[in-house]
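Participant: Have a look at the structure that comes next, please.
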Amino acid sequence: MERHKNLDHFVSRRMGKLFIFILTLGTKCVLCSSVAESAEHLFFDCSFSSDIWQKILGVLGIRRSSFGFSQELSIAAHQSRKTGATATLYAMCFAETVYAIWLHRNLLIFSKTNKTPTQLVKEILFKVSCRCSEELSSRLLM
Ligand SMILES: [Zn+2]
């Protein structure tokens with residue numbers, strides 16, 4: 001029960017910051033500079049973000065492309081209530097990936113610091129690894 005509470009708190013904390021951010025969307029996507037920015041585009045449809053999701057899902061052993069924002073959020077919420085390594089890692093990776101894309105977007109805007117999807121995936125997996133058990137962490141090796 002404590003694990004669920006901590007995981008829910010972790011996901012909620014990350015997602016709470018995200019929802020504040022969504023209120024500021026409306027200009028062109030800074031990751032691809034080709035489409036108007038929206039939560040759906042920025043976090044899932046953008047080729048940059050899509051590449052990150054593909055790599056993260058691959059590390060988790062999930063062989064599919066990412067679904068849209070609302071469906072992935074629904075899956076993450078469902079997974080965060082389940083026990084088991086894959087469910088736990090999925091929920092943690094979901095929250096950390098959305099947060100990393102948001103931070104990267106802000107870094108591009110405010111400090112012109114650019115990273116590749118591969119660099120962000122390594123950072124995401126490192127942060128998740130630091131927050132989970134050694135057993136779970138070993139499943140995140142690329
Ligand atoms: Zn884009």
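Chain labels A, B, ... are given in the sequence in which chains occur in the structure tokens; within each chain residues are numbered consecutively from 1, and ligands are likewise numbered from 1 in the order shown.
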Output the neighbourhood of ligand 1 as a compact mmCIF listing (two decimals) with N, CA and C atoms, in the first residue's frame, that is, all protein and nucleic acid residues with some atom at most 7 Å from the ligand, counting only C-alpha atoms and all ligand atoms.

Facilitator:
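Full text of selection.txt as output:
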# COMPACT_ATOMS: atom_id res chain seq x y z
N CYS A 29 5.70 24.51 -31.97
CA CYS A 29 6.49 23.53 -31.23
C CYS A 29 7.98 23.85 -31.39
N VAL A 30 8.69 24.00 -30.27
CA VAL A 30 10.11 24.32 -30.34
C VAL A 30 10.96 23.10 -30.64
N LEU A 31 10.40 21.92 -30.49
CA LEU A 31 11.18 20.70 -30.75
C LEU A 31 11.30 20.42 -32.24
N CYS A 32 10.27 20.75 -33.02
CA CYS A 32 10.32 20.47 -34.47
C CYS A 32 10.09 21.71 -35.32
N SER A 33 9.60 22.78 -34.73
CA SER A 33 9.35 24.05 -35.43
C SER A 33 8.42 23.91 -36.62
N SER A 34 7.54 22.94 -36.62
CA SER A 34 6.70 22.77 -37.80
C SER A 34 5.21 22.76 -37.51
N VAL A 35 4.83 22.58 -36.27
CA VAL A 35 3.41 22.42 -35.96
C VAL A 35 3.08 23.28 -34.73
N GLU A 37 2.05 24.14 -31.13
CA GLU A 37 2.29 23.36 -29.92
C GLU A 37 0.97 23.07 -29.19
N HIS A 41 0.61 17.16 -29.29
CA HIS A 41 1.73 17.19 -30.21
C HIS A 41 3.06 17.14 -29.45
N LEU A 42 3.24 18.05 -28.50
CA LEU A 42 4.52 18.17 -27.81
C LEU A 42 4.96 16.87 -27.16
N CYS A 46 4.94 14.77 -31.75
CA CYS A 46 6.17 15.38 -32.28
C CYS A 46 7.19 14.27 -32.58
N SER A 47 7.87 14.39 -33.70
CA SER A 47 8.84 13.35 -34.07
C SER A 47 9.93 13.19 -33.00
N PHE A 48 10.32 14.30 -32.37
CA PHE A 48 11.33 14.27 -31.31
C PHE A 48 10.81 13.45 -30.12

Participant: For Thr113 (chain A), please output as a list in words all residues within 12 Å (counting only C-alpha atoms; exclusion window: fewer than 4 positions along the same chain).

Facilitator: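 Here the qualifying residues turn out to be Val30, Leu31, Leu103, His104, Arg105, Asn106, Leu107, Leu108 and Ile109 of chain A.
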
Participant: Restricted to N, CA and C atoms, what would the selected residues look like written as a short mmCIF file (atom, residue, chain, number, x, y, z; two decimals), in the first residue's frame?

Facilitator:
data_model
loop_
_atom_site.label_atom_id
_atom_site.label_comp_id
_atom_site.auth_asym_id
_atom_site.auth_seq_id
_atom_site.Cartn_x
_atom_site.Cartn_y
_atom_site.Cartn_z
N VAL A 30 8.69 24.00 -30.27
CA VAL A 30 10.11 24.32 -30.34
C VAL A 30 10.96 23.10 -30.64
N LEU A 31 10.40 21.92 -30.49
CA LEU A 31 11.18 20.70 -30.75
C LEU A 31 11.30 20.42 -32.24
N LEU A 103 10.88 19.81 -19.59
CA LEU A 103 12.10 20.53 -19.22
C LEU A 103 12.95 20.84 -20.45
N HIS A 104 13.03 19.88 -21.36
CA HIS A 104 13.83 20.09 -22.57
C HIS A 104 13.23 21.22 -23.41
N ARG A 105 11.93 21.22 -23.52
CA ARG A 105 11.24 22.29 -24.25
C ARG A 105 11.59 23.65 -23.63
N ASN A 106 11.57 23.75 -22.31
CA ASN A 106 11.87 25.01 -21.64
C ASN A 106 13.34 25.39 -21.77
N LEU A 107 14.23 24.39 -21.73
CA LEU A 107 15.66 24.68 -21.93
C LEU A 107 15.92 25.24 -23.32
N LEU A 108 15.22 24.68 -24.30
CA LEU A 108 15.39 25.18 -25.68
C LEU A 108 14.95 26.63 -25.78
N ILE A 109 13.85 26.95 -25.13
CA ILE A 109 13.32 28.31 -25.20
C ILE A 109 14.19 29.30 -24.45
#

Participant: Residues of chain A classed as alpha helix (DSSP H) by DSSP on the backbone are to be reported as a VMD selection string.

Facilitator: chain A and resid 2 to 22 39 to 40 47 to 59 69 to 80 85 to 111 117 to 131 134 to 137

Participant: Restricting the calculation to only C-alpha atoms: of A:Leu136, A:Ala36, A:Ile101, A:Cys93, which residue gets closest to Ile56 (chain A)?

Facilitator: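 The closest residue to Ile56 (chain A) is A:Cys93.
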
Participant: For region 15-95 of chain A against region 129-133 of chain A, with a cut-off of 10 Å and counting only C-alpha atoms, what is the closest atom pair and its distance in Å to one decimal for every residue that makes the cut, ordered by chain and number, as a Markdown table?

Facilitator:
| residue | atom | partner | partner_atom | distance |
| --- | --- | --- | --- | --- |
| A:Ala85 | CA | A:Ser133 | CA | 9.9 |
| A:Thr88 | CA | A:Cys132 | CA | 9.0 |
| A:Leu89 | CA | A:Cys132 | CA | 8.4 |
| A:Met92 | CA | A:Arg131 | CA | 8.8 |
| A:Cys93 | CA | A:Ser129 | CA | 9.7 |

Participant: Take the residues from that selection and put them in a file with C-alpha atoms, as a tab-separated table (two decimals), in the first residue's frame.

Facilitator:
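Done, and the output landed in result_33.tsv:
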chain	number	residue	atom	x	y	z
A	85	ALA	CA	8.01	-4.59	-12.14
A	88	THR	CA	5.92	0.17	-11.75
A	89	LEU	CA	8.59	0.99	-14.30
A	92	MET	CA	7.72	5.92	-13.39
A	93	CYS	CA	9.05	6.17	-16.96

Participant: From the set A:Pro117, A:Ser138, A:Ser111, A:Phe43, which residue has the shortest atom-to-atom contact distance to Phe94 (chain A), counting only C-alpha atoms?

Facilitator: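 Comparing A:Pro117, A:Ser138, A:Ser111, A:Phe43 against Phe94 (chain A), the winner is A:Phe43.
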
Participant: Please identify all polymer residues within 8 Å of Ala77 (chain A), counting only C-alpha atoms, omitting same-chain residues fewer than 4 positions from it, and present them as an NGL selection string.

Facilitator: :A and (73 or 81 or 91)

Participant: Neighbours of region 125-127 of chain A within 9 Å (only C-alpha atoms; same-chain residues fewer than 5 positions away dropped), as a ChimeraX atom specification?

Facilitator: /A:56,93,96-97,120,137,140-142

Participant: Choose the residue, out of A:Thr86, A:Ser66, A:Ser49, A:Asn114, that has the smallest atom-to-atom separation from Tyr99 (chain A); count only C-alpha atoms.

Facilitator: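 That would be A:Ser49, the residue with the smallest distance to Tyr99 (chain A).
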
Participant: For Ala87 (chain A), which of A:Leu57, A:Ser38, A:Gln119, A:Gln71 is the closest residue, counting only C-alpha atoms?

Facilitator: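 Smallest separation from Ala87 (chain A) among the options: A:Leu57.
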
Participant: What's the separation between CA of His78 (chain A) and CA of Ala95 (chain A), in Å to one decimal place?

Facilitator: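 Here the two named atoms are 12.9 Å from each other.
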
Participant: For CA of Arg63 (chain A) and CA of Lys115 (chain A), determine how far apart the two atoms are, in Å to one decimal place.

Facilitator: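 Computed distance, CA of Arg63 (chain A) to CA of Lys115 (chain A), equals 24.9 Å.
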
Participant: Rounded to one decimal place, report the CA of Thr116 (chain A)-CA of Glu72 (chain A) distance in Å.

Facilitator: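 Going from CA of Thr116 (chain A) over to CA of Glu72 (chain A) covers 22.5 Å.
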